[in-house]
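J.: Starting off with a structure, shown below.
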Amino acid sequence: MKILSIETSCDETAISLIEASGDLESPTFSVIGNSLISQINIHNEYGGVFPMLAKREHAKNLVPILKDVLIQSKMFTEGEIKIEKDLWNEIEIILSKEEGLYKMMMDVFKNIESPKIDLIAVTNGPGLAPALWVGISFAKALQKIWNIPLISVNHMEGHICSVLLNRTDEFKILNLEFKNNSINFPALALLISGGHTELVEIKNWGDYKIIGETKDDAVGEAFDKVARMLGLPYPGGPEISKLAEYARESKLPATAKFPRPMIHSHDLNFSFSGLKTSVLYYLRDNFSVLDEKVQITKDNCADIAREFEDSVIDVLKAKTIEALEETNAKTLIIAGGVIANKKIREAFLDLEKTLNGLKLRIPNSSMATDNAIMIGMAGYMRLCLNPKIVEKTDRITAEGNLKLCH
Ligand code: KG4
Ligand code: ZN
């Protein structure tokens with residue numbers, strides 16, 4: 001079946017079209033169309049994501065990327081989807097106000113036949129509510145106009161499903177088939193993103209229990225905040241990662257020392273706010289500030305980045321090992337934007353080698369950060385679990401704090 005998926009929970013506007021087949025035990029996916037516009041450069045100026053700005057940008061991007069995906073997938077040619085410039089502008093305004101959307105979208109798509117799509121999947125949370133609403137309103141409009149069933153998907157379940165698509169290289173070439181990477185249950189998922197740090201026990205598809213989580217900042221958030229203190233742009237993860245790698249390659253002396261928060265707490269929870277504060281105190285005690293900018297050399301920044309990354313890795317590994325023991329998991333899934341980090345990937349690949357019989361499943365770097373492909377795959381898994389799910393379309397609302405549970 002063909003699934004059109006829409007993701008607008010944070011600062012990426014993404015739409016994809018996937019072909020899905022098989023059952024829960026061995027699903028197979030191929031990507032037919034995929035388009036994503038990142039708002040990173042827009043939010044960069046502010047050092048974080050602004051919900052109303054994110055909403056406006058999603059509204060602007062959704063129709064063009066849908067068109068892009070439909071053309072990529074050869075469902076339509078450029079000439080078939082003719083949209084006058086004025087109409088695009090109007091759609092943008094209407095989407096951001098969420099009024100009269102159906103009528104407006106009708107005007108755009110009334111002259112083209114409904115595409116042969118079997119299901120629409122849209123992220124309904126967790127995330128920024130205004131941003132989520134734009135994607136949901138858009139999905140509902142398409143559902144009405146094209147009469148295609150619609151289901152909602154939990155963004156974190158999307159991240160879990162990101163490991164179902166695995167190739168060693170990027171997925172730039174479309175129409176390639178991605179074979180399932182079988183998951184053996186019970187499984188454990190370590191979800192590490194900009195908004196979440198969770199350990200999830202998965203007894204089976206759809207049966208999730210959060211057995212550990214952060215008490216304050218998420219890992220990705222800590223990367224972003226520390227990067228900001230060091231004067232690096234948003235998102236901070238890739239920047240810290242580059243600097244830490246430079247410190248290791250240049251064998252810079254290890255001067256900075258930070259704690260490994262909650263590593264001996266005998267539970268599965270995390271805390272990264274203290275680690276961030278340690279970096280702040282270290283900067284305050286060792287470097288001067290001029291015009292709100294820390295006066296620090298690249299080498300000192302790199303030393304801090306390396307020690308910060310090492311601290312994060314030590315804690316993530318220790319807690320994951322404890323959770324693996326507690327759950328007897330056979331598969332370890334690690335997902336979310338932070339697993340794009342090279343050193344963290346290597347640390348867990350090393351761990352897999354030391355733990356007999358454990359299967360590690362991590363997504364490609366490009367599948368680790370937010371995308372719509374993972375939402376389409378999670379939608380398919382939900383449908384396999386419960387074919388009646390599509391009957392509940394009208395009740396879909398944005399839930400900023402949506403939890404993973406069964
Ligand atoms: O999953 P994601 O794309 O969005 C959320 O659902 O939050 O994760 C974004 C987070 C950001 O905090 C970003 O700094 C972090 O993932 N990130 C990284 C790396 N690439 C992205 N953190 C560490 N190292 C990276 N290479
Ligand atoms: Zn995410």
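Ordered as shown in the structure tokens, chains take letters A, B, and onward, while each chain numbers its residues from 1 and ligands are numbered from 1 in the order shown.
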Step one, run DSSP on the backbone; step two, keep only residues of segment 153-378 of chain A assigned to alpha helix (DSSP H); then write them as a VMD selection string.
T.: chain A and resid 155 to 161 219 to 229 236 to 249 273 to 286 298 to 327 342 to 354 365 to 368 373 to 378
J.: Using the selection just defined, write its residues with C-alpha atoms as a short mmCIF file (atom, residue, chain, number, x, y, z; two decimals), in the first residue's frame.
T.:
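That gives us result-v2.cif:
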data_model
loop_
_atom_site.label_atom_id
_atom_site.label_comp_id
_atom_site.auth_asym_id
_atom_site.auth_seq_id
_atom_site.Cartn_x
_atom_site.Cartn_y
_atom_site.Cartn_z
CA HIS A 155 6.31 11.22 16.76
CA MET A 156 8.31 9.07 19.22
CA GLU A 157 6.85 5.88 17.76
CA GLY A 158 8.01 7.32 14.45
CA HIS A 159 11.55 7.55 15.81
CA ILE A 160 11.34 3.92 16.99
CA CYS A 161 10.21 2.87 13.50
CA VAL A 219 20.09 15.16 25.79
CA GLY A 220 19.65 17.07 22.52
CA GLU A 221 18.52 20.13 24.49
CA ALA A 222 21.72 19.92 26.61
CA PHE A 223 23.81 19.74 23.42
CA ASP A 224 21.96 22.79 22.08
CA LYS A 225 22.32 24.79 25.32
CA VAL A 226 26.01 24.02 25.80
CA ALA A 227 26.64 24.93 22.16
CA ARG A 228 24.91 28.25 22.75
CA MET A 229 27.12 28.97 25.77
CA GLY A 236 24.22 22.54 18.76
CA GLY A 237 24.57 18.76 18.50
CA PRO A 238 26.44 18.62 15.19
CA GLU A 239 28.62 21.60 16.20
CA ILE A 240 29.67 20.06 19.54
CA SER A 241 30.26 16.77 17.78
CA LYS A 242 32.62 18.37 15.21
CA LEU A 243 34.60 20.17 17.92
CA ALA A 244 34.86 17.06 20.09
CA GLU A 245 36.17 15.10 17.13
CA TYR A 246 38.74 17.81 16.48
CA ALA A 247 39.87 17.59 20.14
CA ARG A 248 40.29 13.83 19.88
CA GLU A 249 42.09 13.93 16.54
CA SER A 273 20.59 20.14 33.52
CA GLY A 274 23.41 19.80 36.12
CA LEU A 275 25.89 18.87 33.41
CA LYS A 276 24.93 22.00 31.51
CA THR A 277 25.40 24.06 34.70
CA SER A 278 28.86 22.52 35.24
CA VAL A 279 29.84 23.75 31.79
CA LEU A 280 28.48 27.20 32.68
CA TYR A 281 30.51 27.34 35.95
CA TYR A 282 33.62 26.07 34.20
CA LEU A 283 33.30 28.86 31.63
CA ARG A 284 32.61 31.48 34.33
CA ASP A 285 35.60 30.38 36.45
CA ASN A 286 38.15 30.12 33.66
CA LYS A 298 38.84 26.97 19.61
CA ASP A 299 41.04 24.44 21.46
CA ASN A 300 39.46 25.24 24.83
CA CYS A 301 35.98 24.98 23.27
CA ALA A 302 36.94 21.64 21.76
CA ASP A 303 38.23 20.34 25.10
CA ILE A 304 34.87 21.26 26.71
CA ALA A 305 32.91 19.70 23.83
CA ARG A 306 34.86 16.42 24.12
CA GLU A 307 34.43 16.15 27.90
CA PHE A 308 30.72 17.03 27.61
CA GLU A 309 30.20 14.38 24.92
CA ASP A 310 32.13 11.79 26.96
CA SER A 311 29.98 12.52 30.00
CA VAL A 312 26.79 12.08 27.95
CA ILE A 313 28.08 8.82 26.49
CA ASP A 314 29.07 7.40 29.89
CA VAL A 315 25.62 8.12 31.33
CA LEU A 316 23.65 6.89 28.30
CA LYS A 317 25.67 3.67 28.19
CA ALA A 318 25.47 2.95 31.92
CA LYS A 319 21.69 3.48 32.06
CA THR A 320 21.11 1.46 28.90
CA ILE A 321 23.11 -1.48 30.28
CA GLU A 322 21.02 -1.37 33.48
CA ALA A 323 17.81 -1.25 31.45
CA LEU A 324 18.93 -4.15 29.24
CA GLU A 325 19.50 -6.23 32.36
CA GLU A 326 16.14 -5.26 33.79
CA THR A 327 14.16 -6.01 30.64
CA LYS A 342 29.22 9.73 15.40
CA LYS A 343 30.89 9.14 18.77
CA ILE A 344 27.63 8.02 20.41
CA ARG A 345 26.99 5.62 17.50
CA GLU A 346 30.49 4.18 17.88
CA ALA A 347 30.06 3.80 21.65
CA PHE A 348 26.90 1.72 21.18
CA LEU A 349 28.36 -0.31 18.32
CA ASP A 350 31.20 -1.21 20.74
CA LEU A 351 28.65 -2.11 23.40
CA GLU A 352 26.86 -4.45 20.98
CA LYS A 353 30.12 -6.36 20.48
CA THR A 354 30.52 -6.92 24.22
CA SER A 365 22.12 9.68 10.38
CA SER A 366 19.61 11.20 7.96
CA MET A 367 16.84 8.98 9.34
CA ALA A 368 17.81 9.81 12.95
CA ILE A 373 9.47 8.53 6.23
CA MET A 374 9.53 7.30 9.83
CA ILE A 375 5.99 8.65 10.33
CA GLY A 376 4.77 6.69 7.30
CA MET A 377 6.40 3.50 8.60
CA ALA A 378 4.93 3.97 12.08
#
J.: Give me, as a PyMOL selection string, the set of residues whose atoms come within 6 Å of any atom of ligand 2, counting only C-alpha atoms and all ligand atoms.
T.: chain A and resi 193+336+370
J.: Here is a test: counting only C-alpha atoms, which residue of A:Thr197, A:Asn204, A:Ser271, A:Ser162 is nearest to Ile333 of chain A?
T.: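 Closest to Ile333 of chain A, using only C-alpha atoms: A:Ser162.
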J.: When you look at Val163 of chain A with a cut-off of 6 Å (counting only C-alpha atoms), what residues show up, excluding the ones that are within fewer than 4 positions of it in the same chain? I need them as a list in words.
T.: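 Skipping anything fewer than 4 positions along the chain leaves Arg361, Ile362 and Pro363 of chain A.
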J.: Using DSSP secondary structure from the backbone, list all strand (DSSP E) positions within segment 233-295 of chain A, as number ranges by chain.
T.: A: 289-290, 293-294
J.: Can you spit out the residues from that selection as a PDB file, in the first residue's frame, using N, CA and C atoms?
T.:
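That gives us result-v8.pdb:
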ATOM      1  N   VAL A 289      34.286  37.362  29.996  1.00  0.00           N
ATOM      2  CA  VAL A 289      33.175  37.607  29.071  1.00  0.00           C
ATOM      3  C   VAL A 289      33.258  39.048  28.578  1.00  0.00           C
ATOM      4  N   LEU A 290      33.141  39.226  27.288  1.00  0.00           N
ATOM      5  CA  LEU A 290      33.175  40.572  26.721  1.00  0.00           C
ATOM      6  C   LEU A 290      31.955  40.713  25.816  1.00  0.00           C
ATOM      7  N   LYS A 293      29.950  37.724  25.244  1.00  0.00           N
ATOM      8  CA  LYS A 293      30.596  36.603  24.520  1.00  0.00           C
ATOM      9  C   LYS A 293      31.774  36.098  25.333  1.00  0.00           C
ATOM     10  N   VAL A 294      31.831  34.768  25.545  1.00  0.00           N
ATOM     11  CA  VAL A 294      32.966  34.210  26.286  1.00  0.00           C
ATOM     12  C   VAL A 294      34.213  34.318  25.422  1.00  0.00           C
TER      13      VAL A 294
END
J.: Mind checking which residues fall within 9 Å of Ile120 of chain A, counting only C-alpha atoms, ignoring those fewer than 5 positions away in the same chain, and posting them as a list in words?
T.: Lys2, Ile3, Leu4, Ser5, Ile6, Ala139, Leu142, Gln143, Ile148, Pro149, Leu150, Ile151, Ser152, Gly376 and Gly379 of chain A
J.: Output the selection as a PDB file, in the first residue's frame - N, CA, C and O atoms for each residue.
T.:
ATOM      1  N   LYS A   2       0.293   2.364  -0.526  1.00  0.00           N
ATOM      2  CA  LYS A   2       1.038   3.629  -0.572  1.00  0.00           C
ATOM      3  C   LYS A   2       0.590   4.534   0.575  1.00  0.00           C
ATOM      4  O   LYS A   2      -0.609   4.755   0.766  1.00  0.00           O
ATOM      5  N   ILE A   3       1.567   5.038   1.315  1.00  0.00           N
ATOM      6  CA  ILE A   3       1.250   5.896   2.465  1.00  0.00           C
ATOM      7  C   ILE A   3       1.906   7.265   2.291  1.00  0.00           C
ATOM      8  O   ILE A   3       3.114   7.367   2.079  1.00  0.00           O
ATOM      9  N   LEU A   4       1.061   8.300   2.380  1.00  0.00           N
ATOM     10  CA  LEU A   4       1.567   9.672   2.339  1.00  0.00           C
ATOM     11  C   LEU A   4       1.706  10.119   3.789  1.00  0.00           C
ATOM     12  O   LEU A   4       0.747  10.008   4.558  1.00  0.00           O
ATOM     13  N   SER A   5       2.882  10.582   4.204  1.00  0.00           N
ATOM     14  CA  SER A   5       3.027  10.972   5.609  1.00  0.00           C
ATOM     15  C   SER A   5       3.483  12.418   5.740  1.00  0.00           C
ATOM     16  O   SER A   5       4.193  12.949   4.880  1.00  0.00           O
ATOM     17  N   ILE A   6       3.020  13.032   6.834  1.00  0.00           N
ATOM     18  CA  ILE A   6       3.242  14.463   7.043  1.00  0.00           C
ATOM     19  C   ILE A   6       3.794  14.682   8.446  1.00  0.00           C
ATOM     20  O   ILE A   6       3.221  14.218   9.430  1.00  0.00           O
ATOM     21  N   ALA A 139      -3.484  17.662   6.622  1.00  0.00           N
ATOM     22  CA  ALA A 139      -3.796  16.241   6.389  1.00  0.00           C
ATOM     23  C   ALA A 139      -5.307  16.024   6.310  1.00  0.00           C
ATOM     24  O   ALA A 139      -5.799  15.274   5.461  1.00  0.00           O
ATOM     25  N   LEU A 142      -6.597  17.165   2.952  1.00  0.00           N
ATOM     26  CA  LEU A 142      -6.295  16.205   1.879  1.00  0.00           C
ATOM     27  C   LEU A 142      -7.200  14.985   1.992  1.00  0.00           C
ATOM     28  O   LEU A 142      -7.671  14.440   0.989  1.00  0.00           O
ATOM     29  N   GLN A 143      -7.447  14.577   3.229  1.00  0.00           N
ATOM     30  CA  GLN A 143      -8.306  13.406   3.446  1.00  0.00           C
ATOM     31  C   GLN A 143      -9.700  13.655   2.864  1.00  0.00           C
ATOM     32  O   GLN A 143     -10.271  12.796   2.188  1.00  0.00           O
ATOM     33  N   ILE A 148      -9.231   9.874   1.241  1.00  0.00           N
ATOM     34  CA  ILE A 148      -8.230   8.867   1.608  1.00  0.00           C
ATOM     35  C   ILE A 148      -8.237   8.749   3.134  1.00  0.00           C
ATOM     36  O   ILE A 148      -8.250   9.770   3.821  1.00  0.00           O
ATOM     37  N   PRO A 149      -8.233   7.528   3.682  1.00  0.00           N
ATOM     38  CA  PRO A 149      -8.227   7.394   5.148  1.00  0.00           C
ATOM     39  C   PRO A 149      -7.002   8.063   5.796  1.00  0.00           C
ATOM     40  O   PRO A 149      -5.923   8.093   5.196  1.00  0.00           O
ATOM     41  N   LEU A 150      -7.228   8.571   6.989  1.00  0.00           N
ATOM     42  CA  LEU A 150      -6.170   9.299   7.701  1.00  0.00           C
ATOM     43  C   LEU A 150      -5.958   8.711   9.091  1.00  0.00           C
ATOM     44  O   LEU A 150      -6.927   8.379   9.780  1.00  0.00           O
ATOM     45  N   ILE A 151      -4.703   8.559   9.502  1.00  0.00           N
ATOM     46  CA  ILE A 151      -4.441   8.162  10.893  1.00  0.00           C
ATOM     47  C   ILE A 151      -3.379   9.067  11.498  1.00  0.00           C
ATOM     48  O   ILE A 151      -2.586   9.676  10.782  1.00  0.00           O
ATOM     49  N   SER A 152      -3.400   9.144  12.834  1.00  0.00           N
ATOM     50  CA  SER A 152      -2.398   9.961  13.522  1.00  0.00           C
ATOM     51  C   SER A 152      -1.269   9.063  14.007  1.00  0.00           C
ATOM     52  O   SER A 152      -1.460   7.876  14.256  1.00  0.00           O
ATOM     53  N   GLY A 376       5.485   7.604   8.192  1.00  0.00           N
ATOM     54  CA  GLY A 376       4.765   6.691   7.300  1.00  0.00           C
ATOM     55  C   GLY A 376       4.933   5.248   7.762  1.00  0.00           C
ATOM     56  O   GLY A 376       3.971   4.467   7.774  1.00  0.00           O
ATOM     57  N   GLY A 379       2.946   4.643  10.826  1.00  0.00           N
ATOM     58  CA  GLY A 379       1.532   4.576  10.444  1.00  0.00           C
ATOM     59  C   GLY A 379       1.191   3.175   9.955  1.00  0.00           C
ATOM     60  O   GLY A 379       0.149   2.609  10.317  1.00  0.00           O
TER      61      GLY A 379
END
J.: From the set A:Lys403, A:Asp291, A:Leu53, A:His264, which residue has the shortest atom-to-atom contact distance to Ile40 of chain A, counting only C-alpha atoms?
T.: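 Comparing A:Lys403, A:Asp291, A:Leu53, A:His264 against Ile40 of chain A, the winner is A:Leu53.
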J.: Fewer than 2 positions away in the same chain doesn't count, so skip those; otherwise give me all residues within 6 Å of Thr331 of chain A, counting only C-alpha atoms, as number ranges by chain.
T.: A: 184, 187, 329, 358-360
J.: Convert the current residue selection to file output with C-alpha atoms, as a PDB file, in the first residue's frame.
T.:
ATOM      1  CA  ASN A 184      13.312  -9.457  18.450  1.00  0.00           C
ATOM      2  CA  ALA A 187      13.149  -4.915  22.887  1.00  0.00           C
ATOM      3  CA  ALA A 329      15.844  -7.172  25.861  1.00  0.00           C
ATOM      4  CA  LEU A 358      22.139  -8.399  21.577  1.00  0.00           C
ATOM      5  CA  LYS A 359      21.003  -6.897  18.272  1.00  0.00           C
ATOM      6  CA  LEU A 360      21.562  -3.178  17.940  1.00  0.00           C
TER       7      LEU A 360
END
J.: May I ask for the distance between atom CA of Ser182 of chain A and atom CA of Ile210 of chain A, given in Å to one decimal place?
T.: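 According to the coordinates, atom CA of Ser182 of chain A and atom CA of Ile210 of chain A are separated by 21.8 Å.
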J.: Find the residues near Asn34 of chain A: any atom within 12 Å, counting only C-alpha atoms, skip ones fewer than 6 places away on the same chain, and give them as a VMD selection string.
T.: chain A and resid 3 to 7 13 to 19 65 to 73 171 to 175 367 371 to 376
J.: Atom 18 (C, counted along the ligand's line) of ligand 1 and atom CA of Cys405 of chain A, how far apart in Å?
T.: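 Between atom CA of Cys405 of chain A and atom 18 (C, counted along the ligand's line) of ligand 1 the gap is 25.3 Å.
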J.: Which polymer residues have any atom within 7 Å of an atom of segment 189-191 of chain A, counting only C-alpha atoms, with same-chain residues fewer than 3 positions away left out, as JSON, numbers by chain?
T.: {"A": [196, 197, 198, 199, 200, 201, 332, 333, 334, 335, 336]}
J.: Go through A:Ser35, A:Asn364, A:Thr8, A:Ser114 and flag the residue nearest Ala131 of chain A, using only C-alpha atoms for the distances.
T.: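 Comparing A:Ser35, A:Asn364, A:Thr8, A:Ser114 against Ala131 of chain A, the winner is A:Thr8.
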